[in-house]
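Student: Structure file target32.csv (CSV, C-alpha atoms) right here:
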chain,number,residue,atom,x,y,z
A,1,MET,CA,0.0,0.0,0.0
A,2,ARG,CA,1.5,3.3,-1.1
A,3,SER,CA,2.1,6.1,1.4
A,4,THR,CA,-0.6,8.8,1.2
A,5,PHE,CA,2.1,11.4,1.9
A,6,ARG,CA,4.4,10.2,-0.8
A,7,GLU,CA,1.5,9.9,-3.3
A,8,TYR,CA,-0.2,13.3,-2.6
A,9,GLY,CA,1.5,15.2,0.2
A,10,LEU,CA,5.1,15.2,-1.2
A,11,PRO,CA,4.1,16.4,-4.8
A,12,LEU,CA,1.9,19.2,-3.2
A,13,LEU,CA,4.7,20.2,-0.8
A,14,LEU,CA,7.3,20.4,-3.6
A,15,LEU,CA,4.9,22.3,-5.8
A,16,ALA,CA,4.2,24.9,-3.0
A,17,ALA,CA,8.0,25.3,-2.4
A,18,SER,CA,8.6,25.7,-6.2
A,19,ALA,CA,5.8,28.3,-6.4
A,20,VAL,CA,7.6,30.4,-3.8
A,21,THR,CA,11.1,30.1,-5.4
A,22,THR,CA,9.9,30.7,-9.0
A,23,THR,CA,7.7,33.6,-7.9
A,24,ALA,CA,10.7,35.2,-6.1
A,25,ASN,CA,12.8,35.0,-9.3
A,26,GLY,CA,9.9,36.1,-11.4
A,27,ALA,CA,9.5,39.2,-9.2
A,28,ARG,CA,13.1,40.2,-9.9
A,29,PHE,CA,12.6,39.6,-13.6
A,30,MET,CA,9.5,41.8,-13.5
A,31,GLN,CA,11.2,44.6,-11.7
A,32,ASN,CA,14.0,44.6,-14.3
A,33,PHE,CA,11.5,44.5,-17.1
A,34,VAL,CA,9.6,47.5,-15.7
A,35,GLN,CA,12.9,49.4,-15.6
A,36,GLY,CA,13.9,48.5,-19.2
A,37,MET,CA,16.7,46.1,-18.2
A,38,PRO,CA,17.5,42.5,-19.2
A,39,PRO,CA,16.2,39.8,-16.8
A,40,VAL,CA,19.6,39.2,-15.2
A,41,VAL,CA,22.0,42.2,-14.9
A,42,ARG,CA,23.5,41.7,-11.5
A,43,ASP,CA,24.4,38.8,-9.2
A,44,SER,CA,21.6,39.6,-6.9
A,45,ASP,CA,19.1,38.9,-9.7
A,46,LEU,CA,20.1,35.2,-9.5
A,47,TRP,CA,19.5,35.1,-5.7
A,48,PRO,CA,16.7,37.7,-5.1
A,49,TRP,CA,16.0,36.9,-1.4
A,50,GLY,CA,17.9,39.9,0.0
A,51,TRP,CA,16.1,42.2,-2.4
A,52,LEU,CA,12.8,40.7,-1.5
A,53,ALA,CA,13.4,41.1,2.2
A,54,ALA,CA,13.7,44.8,1.5
A,55,HIS,CA,10.8,44.9,-0.9
A,56,PRO,CA,8.3,42.2,0.2
A,57,GLU,CA,5.4,44.0,-1.4
A,58,LEU,CA,6.9,43.2,-4.9
A,59,PHE,CA,6.8,39.4,-4.3
A,60,LYS,CA,3.3,39.2,-5.9
A,61,THR,CA,4.7,40.7,-9.2
A,62,GLY,CA,6.4,37.4,-9.9
A,63,TRP,CA,3.2,35.4,-10.4
A,64,ALA,CA,3.2,35.9,-14.2
A,65,PHE,CA,6.6,34.1,-14.5
A,66,SER,CA,5.8,31.5,-11.9
A,67,VAL,CA,2.4,30.5,-13.3
A,68,SER,CA,3.8,30.3,-16.8
A,69,LEU,CA,6.8,28.2,-16.0
A,70,LEU,CA,5.0,25.9,-13.5
A,71,GLY,CA,2.2,25.4,-16.0
A,72,ILE,CA,4.7,24.4,-18.7
A,73,LEU,CA,6.5,21.9,-16.3
A,74,LEU,CA,3.2,20.4,-15.0
A,75,LEU,CA,1.7,20.0,-18.5
A,76,HIS,CA,4.9,18.3,-19.6
A,77,GLU,CA,4.9,15.8,-16.7
A,78,PHE,CA,1.2,15.2,-16.8
A,79,GLY,CA,1.7,14.2,-20.4
A,80,HIS,CA,4.0,11.4,-19.1
A,81,TYR,CA,1.7,10.7,-16.2
A,82,PHE,CA,-1.5,10.2,-18.2
A,83,ALA,CA,0.4,8.1,-20.8
A,84,CYS,CA,1.5,5.9,-17.9
A,85,ARG,CA,-2.1,5.7,-16.6
A,86,TRP,CA,-3.4,4.8,-20.1
A,87,HIS,CA,-1.0,1.8,-20.3
A,88,ARG,CA,-1.5,0.9,-16.6
A,89,ILE,CA,2.1,1.7,-15.7
A,90,ARG,CA,2.5,2.8,-12.0
A,91,ALA,CA,3.8,6.4,-11.8
A,92,THR,CA,3.9,9.1,-9.2
A,93,LEU,CA,2.3,12.5,-9.6
A,94,PRO,CA,4.7,15.2,-10.9
A,95,TRP,CA,7.3,16.4,-8.5
A,96,VAL,CA,8.3,20.0,-9.2
A,97,LEU,CA,11.8,20.5,-7.7
A,98,PRO,CA,12.6,23.9,-6.1
A,99,ALA,CA,16.3,24.9,-6.6
A,100,PRO,CA,18.6,27.9,-6.4
A,101,THR,CA,18.7,28.2,-10.2
A,102,LEU,CA,18.0,30.9,-12.8
A,103,SER,CA,14.4,29.9,-12.8
A,104,GLY,CA,13.9,28.9,-9.2
A,105,THR,CA,13.4,25.2,-10.1
A,106,ALA,CA,15.4,22.2,-11.3
A,107,GLY,CA,12.5,21.1,-13.4
A,108,ALA,CA,9.9,18.4,-12.7
A,109,ILE,CA,9.9,14.6,-12.8
A,110,ILE,CA,7.6,11.6,-12.3
A,111,GLN,CA,8.8,8.3,-11.0
A,112,ILE,CA,7.8,5.2,-12.9
A,113,GLY,CA,7.3,2.2,-10.6
A,114,SER,CA,6.6,-0.7,-13.0
A,115,ARG,CA,7.9,-2.1,-16.2
A,116,ILE,CA,7.0,-0.5,-19.5
A,117,PRO,CA,5.1,-3.4,-21.3
A,118,SER,CA,5.7,-2.5,-25.0
A,119,LEU,CA,7.4,-0.2,-27.5
A,120,ASP,CA,4.1,1.5,-28.2
A,121,ALA,CA,3.7,2.2,-24.5
A,122,LEU,CA,7.3,3.5,-24.4
A,123,MET,CA,6.7,5.8,-27.3
A,124,ASP,CA,3.6,7.2,-25.6
A,125,VAL,CA,5.3,7.8,-22.3
A,126,GLY,CA,8.3,9.4,-24.0
A,127,VAL,CA,6.6,11.7,-26.5
A,128,TYR,CA,3.5,13.0,-24.8
A,129,GLY,CA,5.4,14.9,-22.1
A,130,PRO,CA,7.6,17.0,-24.4
A,131,LEU,CA,4.6,17.4,-26.8
A,132,ALA,CA,2.4,18.9,-24.1
A,133,GLY,CA,5.3,21.0,-22.7
A,134,TYR,CA,6.2,22.3,-26.2
A,135,VAL,CA,2.6,23.5,-26.9
A,136,ALA,CA,2.5,25.3,-23.6
A,137,SER,CA,6.0,26.8,-24.2
A,138,VAL,CA,4.9,28.1,-27.7
A,139,LEU,CA,1.9,29.7,-26.2
A,140,ALA,CA,4.0,31.4,-23.5
A,141,VAL,CA,6.5,32.6,-26.0
A,142,ALA,CA,3.8,34.1,-28.3
A,143,VAL,CA,2.1,35.9,-25.3
A,144,GLY,CA,5.6,37.0,-24.0
A,145,PHE,CA,6.5,38.5,-27.4
A,146,VAL,CA,3.3,40.6,-27.4
A,147,LEU,CA,3.9,41.9,-23.9
A,148,SER,CA,7.6,42.8,-24.5
A,149,TYR,CA,9.1,45.9,-26.0
A,150,HIS,CA,12.3,47.1,-27.8
A,151,ALA,CA,15.3,47.3,-25.5
A,152,PRO,CA,16.3,50.9,-24.7
A,153,ALA,CA,19.5,52.1,-26.3
A,154,ASP,CA,21.1,52.6,-22.8
A,155,ALA,CA,20.1,49.2,-21.4
A,156,PRO,CA,22.9,47.7,-19.3
A,157,ILE,CA,24.7,44.6,-20.5
A,158,ALA,CA,23.0,41.4,-19.4
A,159,LEU,CA,24.9,39.1,-16.9
A,160,VAL,CA,23.1,36.1,-18.4
A,161,ARG,CA,22.3,36.3,-22.2
A,162,PHE,CA,19.8,33.9,-23.5
A,163,GLY,CA,21.1,33.0,-26.9
A,164,GLY,CA,21.0,30.8,-30.0
A,165,GLU,CA,17.4,31.5,-30.8
A,166,PRO,CA,15.8,28.1,-31.4
A,167,LEU,CA,13.8,27.8,-34.6
A,168,THR,CA,10.5,28.0,-32.7
A,169,ILE,CA,11.3,31.5,-31.5
A,170,ARG,CA,12.3,32.6,-35.0
A,171,ILE,CA,9.2,31.1,-36.6
A,172,LEU,CA,6.9,32.6,-34.0
A,173,HIS,CA,8.5,36.0,-34.3
A,174,ALA,CA,8.1,35.9,-38.1
A,175,LEU,CA,4.4,35.1,-37.7
A,176,LEU,CA,3.8,37.7,-35.1
A,177,VAL,CA,5.3,40.6,-37.0
A,178,GLN,CA,2.8,40.0,-39.7
A,179,TRP,CA,0.2,40.9,-37.1
A,180,ASP,CA,2.2,43.7,-35.4
A,181,PRO,CA,5.4,44.9,-37.2
A,182,ASN,CA,6.5,46.6,-34.0
A,183,ILE,CA,7.3,43.4,-32.1
A,184,PRO,CA,11.1,43.4,-31.8
A,185,ASP,CA,13.2,40.3,-32.5
A,186,PHE,CA,14.7,38.3,-29.6
A,187,GLU,CA,18.1,39.9,-29.9
A,188,HIS,CA,16.8,43.5,-29.4
A,189,ILE,CA,14.0,42.9,-26.9
A,190,THR,CA,13.4,43.7,-23.2
A,191,PRO,CA,11.7,40.3,-22.6
A,192,HIS,CA,8.6,40.1,-20.4
A,193,PRO,CA,8.9,37.4,-17.7
A,194,VAL,CA,6.3,35.3,-19.6
A,195,LEU,CA,8.7,35.3,-22.6
A,196,VAL,CA,11.5,34.2,-20.3
A,197,ALA,CA,9.3,31.4,-19.0
A,198,GLY,CA,8.5,30.3,-22.5
A,199,TRP,CA,12.2,30.4,-23.5
A,200,ILE,CA,13.1,28.2,-20.5
A,201,GLY,CA,10.2,25.9,-21.4
A,202,LEU,CA,11.6,25.4,-24.9
A,203,PHE,CA,15.1,24.9,-23.4
A,204,ILE,CA,13.8,22.3,-21.0
A,205,THR,CA,12.0,20.5,-23.8
A,206,SER,CA,15.1,20.3,-25.9
A,207,LEU,CA,17.2,18.9,-23.0
A,208,ASN,CA,14.6,16.2,-22.3
A,209,LEU,CA,14.6,15.3,-26.0
A,210,ILE,CA,18.3,14.6,-26.2
A,211,PRO,CA,18.2,11.1,-27.8
A,212,GLY,CA,20.0,9.0,-25.2
A,213,GLY,CA,19.7,7.2,-21.9
A,214,GLN,CA,16.4,7.4,-20.1
A,215,LEU,CA,15.7,11.0,-21.3
A,216,ASP,CA,12.4,11.5,-23.2
A,217,GLY,CA,14.4,11.5,-26.4
A,218,GLY,CA,16.1,8.3,-25.3
A,219,HIS,CA,12.6,6.7,-24.9
A,220,ILE,CA,11.5,7.8,-28.3
A,221,LEU,CA,14.7,6.6,-30.0
A,222,TYR,CA,14.6,3.3,-28.2
A,223,ALA,CA,11.0,2.7,-29.3
A,224,LEU,CA,12.1,3.5,-32.9
A,225,SER,CA,15.3,1.5,-32.9
A,226,PRO,CA,16.8,-0.1,-29.7
A,227,LYS,CA,20.1,-0.7,-31.6
A,228,LEU,CA,20.5,2.9,-32.7
A,229,HIS,CA,19.7,4.0,-29.2
A,230,GLN,CA,22.4,1.8,-27.7
A,231,ARG,CA,25.0,3.1,-30.2
A,232,LEU,CA,24.1,6.8,-29.9
A,233,THR,CA,24.0,6.7,-26.1
A,234,LYS,CA,27.6,5.5,-26.2
A,235,ILE,CA,28.9,8.4,-28.3
A,236,LEU,CA,26.6,11.2,-27.0
A,237,PRO,CA,28.8,11.9,-23.9
A,238,PHE,CA,31.8,12.6,-26.2
A,239,LEU,CA,29.7,14.8,-28.5
A,240,LEU,CA,28.4,16.7,-25.5
A,241,PHE,CA,31.9,17.2,-24.1
A,242,VAL,CA,32.9,18.7,-27.4
A,243,ALA,CA,29.8,20.9,-27.4
A,244,GLY,CA,30.6,22.0,-23.8
A,245,THR,CA,34.1,23.0,-24.8
A,246,LEU,CA,33.0,25.1,-27.8
A,247,PHE,CA,29.4,26.3,-27.1
A,248,TRP,CA,28.0,25.9,-23.6
A,249,VAL,CA,29.8,24.3,-20.7
A,250,GLY,CA,26.5,22.8,-19.3
A,251,TRP,CA,26.6,20.2,-22.1
A,252,MET,CA,29.5,18.6,-20.2
A,253,LEU,CA,27.3,18.0,-17.2
A,254,TRP,CA,24.7,16.4,-19.4
A,255,GLY,CA,27.4,14.2,-20.9
A,256,LEU,CA,28.4,13.1,-17.4
A,257,PHE,CA,24.7,12.6,-16.6
A,258,LEU,CA,24.3,10.2,-19.5
A,259,MET,CA,27.3,8.1,-18.3
A,260,LEU,CA,25.6,7.3,-14.9
A,261,PRO,CA,24.6,3.7,-14.6
A,262,ALA,CA,21.1,4.9,-13.5
A,263,MET,CA,20.6,6.4,-17.0
A,264,ARG,CA,20.9,3.0,-18.7
A,265,HIS,CA,17.7,2.3,-20.5
A,266,PRO,CA,15.8,-0.8,-19.1
A,267,LYS,CA,14.9,-3.5,-21.6
A,268,VAL,CA,11.4,-3.2,-23.2
A,269,PRO,CA,9.8,-6.2,-24.9
A,270,ILE,CA,10.2,-5.9,-28.7
A,271,GLU,CA,8.1,-8.8,-29.8
A,272,LYS,CA,5.5,-6.5,-31.3
A,273,GLU,CA,6.7,-4.0,-33.8
A,274,LEU,CA,6.0,-0.3,-33.2
A,275,HIS,CA,2.6,0.7,-34.5
A,276,ARG,CA,2.6,3.0,-37.5
A,277,GLY,CA,0.9,5.8,-35.6
A,278,ARG,CA,3.6,5.6,-33.0
A,279,ILE,CA,6.3,6.0,-35.7
A,280,ILE,CA,4.6,9.2,-36.7
A,281,LEU,CA,4.6,10.3,-33.0
A,282,GLY,CA,8.4,9.6,-32.9
A,283,ILE,CA,8.9,11.7,-36.0
A,284,ILE,CA,7.0,14.5,-34.3
A,285,GLY,CA,9.2,14.2,-31.3
A,286,ILE,CA,12.3,14.5,-33.4
A,287,VAL,CA,10.9,17.6,-35.2
A,288,ILE,CA,10.2,19.2,-31.8
A,289,PHE,CA,13.8,18.5,-30.8
A,290,LEU,CA,15.0,20.2,-33.9
A,291,LEU,CA,12.7,23.2,-33.3
A,292,THR,CA,13.9,23.7,-29.8
A,293,PHE,CA,17.6,22.7,-29.7
A,294,THR,CA,20.4,25.2,-29.9
A,295,LEU,CA,24.1,24.6,-29.3
A,296,THR,CA,24.4,28.0,-27.6
A,297,PRO,CA,21.5,28.4,-25.1
A,298,PHE,CA,23.6,30.9,-23.2
A,299,TYR,CA,26.1,33.2,-24.9
A,300,HIS,CA,29.8,33.3,-23.7
A,301,ASN,CA,29.5,30.3,-21.5
A,302,SER,CA,31.7,27.7,-23.2
A,303,LEU,CA,34.7,26.1,-21.5
A,304,MET,CA,36.9,27.9,-24.0
A,305,ASN,CA,35.3,31.2,-23.0
A,306,PHE,CA,36.0,30.6,-19.3
A,307,LEU,CA,39.6,29.7,-20.2
A,308,HIS,CA,39.8,32.9,-22.4
A,309,ILE,CA,40.5,30.9,-25.5
A,310,ASP,CA,38.7,31.8,-28.8
A,311,PRO,CA,38.9,28.7,-31.1
A,312,PHE,CA,37.1,30.5,-33.9
A,313,ARG,CA,39.5,33.5,-34.0
A,314,THR,CA,41.7,33.5,-37.1
A,315,ALA,CA,45.4,34.2,-36.7
A,316,GLN,CA,46.6,37.7,-37.7
Output the structure of this file as structure tokens.

Tutor:
Amino acid sequence: MRSTFREYGLPLLLLAASAVTTTANGARFMQNFVQGMPPVVRDSDLWPWGWLAAHPELFKTGWAFSVSLLGILLLHEFGHYFACRWHRIRATLPWVLPAPTLSGTAGAIIQIGSRIPSLDALMDVGVYGPLAGYVASVLAVAVGFVLSYHAPADAPIALVRFGGEPLTIRILHALLVQWDPNIPDFEHITPHPVLVAGWIGLFITSLNLIPGGQLDGGHILYALSPKLHQRLTKILPFLLFVAGTLFWVGWMLWGLFLMLPAMRHPKVPIEKELHRGRIILGIIGIVIFLLTFTLTPFYHNSLMNFLHIDPFRTAQ
């Protein structure tokens, strides 16, 4: 018999804590937005508790960011959860993890407690999370673009620069400027916190769709081809280490993450071939990965940058 606290109390407790941490960060983002500044321009923007202690009345201004981001995370995880329920796979309710990060959370997870019975079930569990999270992120980005405005000419330099515009943001901007030509592009914008939440949602979606291990992308690839999954999982850490050296140092952490024994994909019965409809779902998952992935999610954060080495600079 499962513990009532573990089944219901723990998810609610973690969600409440995450609501506090994400709202705190969102309040700082909103304050900078009102003042015409990037979301993060000083170290205190990453840890806003001292500022909030001096301005507690501004805490409530962070709800736009918090509700947007938590909504994206919960829709993503409930996509997994309901896929598990459909296939009678035991799973916990979503756990949203509070953390001292840029967003105030380390993301959300569900814990699967029984074996996945088939490749069709594996595809459903793997793809419906990022599909739901992607749709929610697209909506947040679209609304965020409309609420944002051109960055002032005297705006300070951002401490953290969101970069490498994923294709989704480029496509959405191209569509929105047909409706309102005054909407600025992502590189010249003072982003509303809802746009920041949408960007983070797209980033989280792309990370989950990395095609290896037990990540969502790993589930999708395993359902399509267990052999290809095995081969790619072996070389992905090396590729991520290279990407971390040249583009964003965080890729190295993901490379190490995929090397953990716990990330080895459990065997799933392959007696029945993947249904044609699930193959289409897998293709949709791959397309979403291509629409959200960027090698440079944050500018000037590669290992080479930290070592003050520019591998792309030509010799004089």

Student: Under the rule that all atoms listed in the file are counted, which of A:Leu122, A:Leu52, A:Val41, A:Ile89 is the nearest residue to A:Asp216?

Tutor: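 Checking each of A:Leu122, A:Leu52, A:Val41, A:Ile89 against A:Asp216, counting all atoms listed in the file, the winner is A:Leu122.
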
Student: Need the shell around A:Leu97: protein/DNA/RNA residues with any atom at most 8 Å away, counting all atoms listed in the file. Skip same-chain ones fewer than 5 positions apart. Format as an NGL selection string?

Tutor: :A and (14-15 or 18 or 105-108)

Student: Centre and edge lengths, as JSON, for the axis-aligned box enclosing every listed atom of stretch 11-28 of chain A with 4 Å of padding on each of the six sides, in Å to one decimal?

Tutor:
{"center_x": 7.5, "center_y": 28.3, "center_z": -6.1, "size_x": 19.2, "size_y": 31.8, "size_z": 18.6}

Student: Contacts of A:Ile200 at 12 Å or less, counting only C-alpha atoms, minus same-chain residues fewer than 3 places along, as an mmCIF file with C-alpha atoms, keeping the file's coordinate frame?

Tutor:
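Output file around_22.cif follows:
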data_model
loop_
_atom_site.group_PDB
_atom_site.id
_atom_site.type_symbol
_atom_site.label_atom_id
_atom_site.label_comp_id
_atom_site.auth_asym_id
_atom_site.auth_seq_id
_atom_site.Cartn_x
_atom_site.Cartn_y
_atom_site.Cartn_z
ATOM 1 C CA PHE A 65 6.600 34.100 -14.500
ATOM 2 C CA SER A 66 5.800 31.500 -11.900
ATOM 3 C CA SER A 68 3.800 30.300 -16.800
ATOM 4 C CA LEU A 69 6.800 28.200 -16.000
ATOM 5 C CA LEU A 70 5.000 25.900 -13.500
ATOM 6 C CA ILE A 72 4.700 24.400 -18.700
ATOM 7 C CA LEU A 73 6.500 21.900 -16.300
ATOM 8 C CA THR A 101 18.700 28.200 -10.200
ATOM 9 C CA LEU A 102 18.000 30.900 -12.800
ATOM 10 C CA SER A 103 14.400 29.900 -12.800
ATOM 11 C CA GLY A 104 13.900 28.900 -9.200
ATOM 12 C CA THR A 105 13.400 25.200 -10.100
ATOM 13 C CA ALA A 106 15.400 22.200 -11.300
ATOM 14 C CA GLY A 107 12.500 21.100 -13.400
ATOM 15 C CA GLY A 133 5.300 21.000 -22.700
ATOM 16 C CA TYR A 134 6.200 22.300 -26.200
ATOM 17 C CA ALA A 136 2.500 25.300 -23.600
ATOM 18 C CA SER A 137 6.000 26.800 -24.200
ATOM 19 C CA VAL A 138 4.900 28.100 -27.700
ATOM 20 C CA ALA A 140 4.000 31.400 -23.500
ATOM 21 C CA VAL A 141 6.500 32.600 -26.000
ATOM 22 C CA PHE A 162 19.800 33.900 -23.500
ATOM 23 C CA GLY A 163 21.100 33.000 -26.900
ATOM 24 C CA GLU A 165 17.400 31.500 -30.800
ATOM 25 C CA PRO A 166 15.800 28.100 -31.400
ATOM 26 C CA ILE A 169 11.300 31.500 -31.500
ATOM 27 C CA PRO A 193 8.900 37.400 -17.700
ATOM 28 C CA VAL A 194 6.300 35.300 -19.600
ATOM 29 C CA LEU A 195 8.700 35.300 -22.600
ATOM 30 C CA VAL A 196 11.500 34.200 -20.300
ATOM 31 C CA ALA A 197 9.300 31.400 -19.000
ATOM 32 C CA PHE A 203 15.100 24.900 -23.400
ATOM 33 C CA ILE A 204 13.800 22.300 -21.000
ATOM 34 C CA THR A 205 12.000 20.500 -23.800
ATOM 35 C CA SER A 206 15.100 20.300 -25.900
ATOM 36 C CA LEU A 207 17.200 18.900 -23.000
ATOM 37 C CA THR A 292 13.900 23.700 -29.800
ATOM 38 C CA PHE A 293 17.600 22.700 -29.700
ATOM 39 C CA PRO A 297 21.500 28.400 -25.100
ATOM 40 C CA PHE A 298 23.600 30.900 -23.200
#

Student: Have a look at A:Phe247, A:Pro130, A:Gly50, A:Ala121 and name the one nearest to A:Phe78; count all atoms listed in the file.

Tutor: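 Among the listed residues, A:Pro130 lies closest to A:Phe78.
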
Student: Can you tell me, as an MDAnalysis selection string, what residues are no more than 7 Å from stretch 144-158 of chain A when counting only C-alpha atoms, ignoring any on the same chain fewer than 3 positions away?

Tutor: chainID A and resid 36:38 40:41 140:141 161 183:184 188:192 194:195

Student: What is the distance between atom CA of A:Leu46 and atom CA of A:His173, in Å to one decimal?

Tutor: 27.4 Å

Student: Distance atom CA of A:Leu260-atom CA of A:Gly213, one decimal place?

Tutor: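 Separating atom CA of A:Leu260 from atom CA of A:Gly213 is a distance of 9.2 Å.
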
Student: Which distance in Å separates atom CA of A:Pro269 and atom CA of A:Leu224, to one decimal?

Tutor: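 Atom-to-atom, atom CA of A:Pro269 and atom CA of A:Leu224 are spaced 12.8 Å apart.
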
Student: For A:Cys84, which of A:Thr233, A:Asn301, A:Ser118, A:Gln35 is the closest residue, counting all atoms listed in the file?

Tutor: A:Ser118

Student: Using all atoms listed in the file, determine which residues lie at most 9 Å from A:Ala223, disregarding the query and same-chain residues fewer than 5 positions distant; provide the list as a VMD selection string.

Tutor: chain A and resid 118 to 123 126 218 229 268 270 274 278 to 279 282

Student: Find the residue from A:Thr23, A:Arg88, A:Ile280, A:Leu291 that sits nearest to A:Pro56; use all atoms listed in the file when measuring.

Tutor: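 Closest residue, counting all atoms listed in the file: A:Thr23.
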
Student: Which of these, A:Pro94, A:Val287, A:Ser225, A:Pro261, has the shortest distance to A:Tyr8 once you count only C-alpha atoms?

Tutor: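 Comparing A:Pro94, A:Val287, A:Ser225, A:Pro261 against A:Tyr8, the winner is A:Pro94.
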
Student: Calculated over all atoms listed in the file, which of the candidates A:Ala142, A:Ala24, A:Ala91, A:Leu239 has the smallest distance to A:Trp63?

Tutor: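 Of the candidates, the smallest distance to A:Trp63 is held by A:Ala24.
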
Student: Around (19.6, 6.7, -21.3), as given in the file, which residues come within 12 Å? Count all atoms listed in the file and list them as a ChimeraX atom specification.

Tutor: /A:126,208-222,226,229-237,254-267

Student: List the spatial neighbours of A:Ala16 as a list in words - criterion: any atom at most 10 Å away, all atoms listed in the file, same-chain residues fewer than 6 positions off excluded.

Tutor: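 My reading of the contact set: Leu10, Val96, Leu97 and Pro98 of chain A.
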
Student: Would you kindly place N, CA, C and O atoms on stretch 118-133 of chain A and return the model as a short mmCIF file (atom, residue, chain, number, x, y, z; two decimals), keeping the file's coordinate frame?

Tutor:
data_model
loop_
_atom_site.label_atom_id
_atom_site.label_comp_id
_atom_site.auth_asym_id
_atom_site.auth_seq_id
_atom_site.Cartn_x
_atom_site.Cartn_y
_atom_site.Cartn_z
N SER A 118 5.58 -2.41 -23.57
CA SER A 118 5.70 -2.50 -25.00
C SER A 118 6.38 -1.28 -25.59
O SER A 118 6.47 -0.24 -24.93
N LEU A 119 6.81 -1.40 -26.85
CA LEU A 119 7.40 -0.20 -27.50
C LEU A 119 6.37 0.84 -27.75
O LEU A 119 6.68 2.04 -27.68
N ASP A 120 5.12 0.45 -28.03
CA ASP A 120 4.10 1.50 -28.20
C ASP A 120 3.89 2.25 -26.90
O ASP A 120 3.75 3.48 -26.93
N ALA A 121 3.87 1.56 -25.77
CA ALA A 121 3.70 2.20 -24.50
C ALA A 121 4.93 3.14 -24.22
O ALA A 121 4.79 4.27 -23.73
N LEU A 122 6.13 2.67 -24.55
CA LEU A 122 7.30 3.50 -24.40
C LEU A 122 7.28 4.75 -25.18
O LEU A 122 7.63 5.83 -24.70
N MET A 123 6.83 4.64 -26.43
CA MET A 123 6.70 5.80 -27.30
C MET A 123 5.74 6.81 -26.68
O MET A 123 6.02 8.02 -26.60
N ASP A 124 4.59 6.34 -26.22
CA ASP A 124 3.60 7.20 -25.60
C ASP A 124 4.14 7.94 -24.40
O ASP A 124 3.98 9.16 -24.25
N VAL A 125 4.78 7.18 -23.53
CA VAL A 125 5.30 7.80 -22.30
C VAL A 125 6.42 8.77 -22.65
O VAL A 125 6.52 9.84 -22.03
N GLY A 126 7.24 8.48 -23.66
CA GLY A 126 8.30 9.40 -24.00
C GLY A 126 7.92 10.64 -24.71
O GLY A 126 8.45 11.72 -24.44
N VAL A 127 6.92 10.56 -25.59
CA VAL A 127 6.60 11.70 -26.50
C VAL A 127 5.57 12.64 -25.93
O VAL A 127 5.62 13.85 -26.21
N TYR A 128 4.60 12.13 -25.16
CA TYR A 128 3.50 13.00 -24.80
C TYR A 128 3.89 14.08 -23.78
O TYR A 128 3.28 15.15 -23.73
N GLY A 129 4.95 13.85 -23.00
CA GLY A 129 5.40 14.90 -22.10
C GLY A 129 6.00 16.09 -22.85
O GLY A 129 5.51 17.21 -22.71
N PRO A 130 7.02 15.87 -23.69
CA PRO A 130 7.60 17.00 -24.40
C PRO A 130 6.57 17.64 -25.41
O PRO A 130 6.63 18.84 -25.67
N LEU A 131 5.65 16.85 -25.93
CA LEU A 131 4.60 17.40 -26.80
C LEU A 131 3.76 18.40 -26.09
O LEU A 131 3.52 19.53 -26.57
N ALA A 132 3.28 18.01 -24.90
CA ALA A 132 2.40 18.90 -24.10
C ALA A 132 3.24 20.13 -23.64
O ALA A 132 2.77 21.28 -23.70
N GLY A 133 4.48 19.91 -23.18
CA GLY A 133 5.30 21.00 -22.70
C GLY A 133 5.66 21.97 -23.86
O GLY A 133 5.74 23.19 -23.66
#
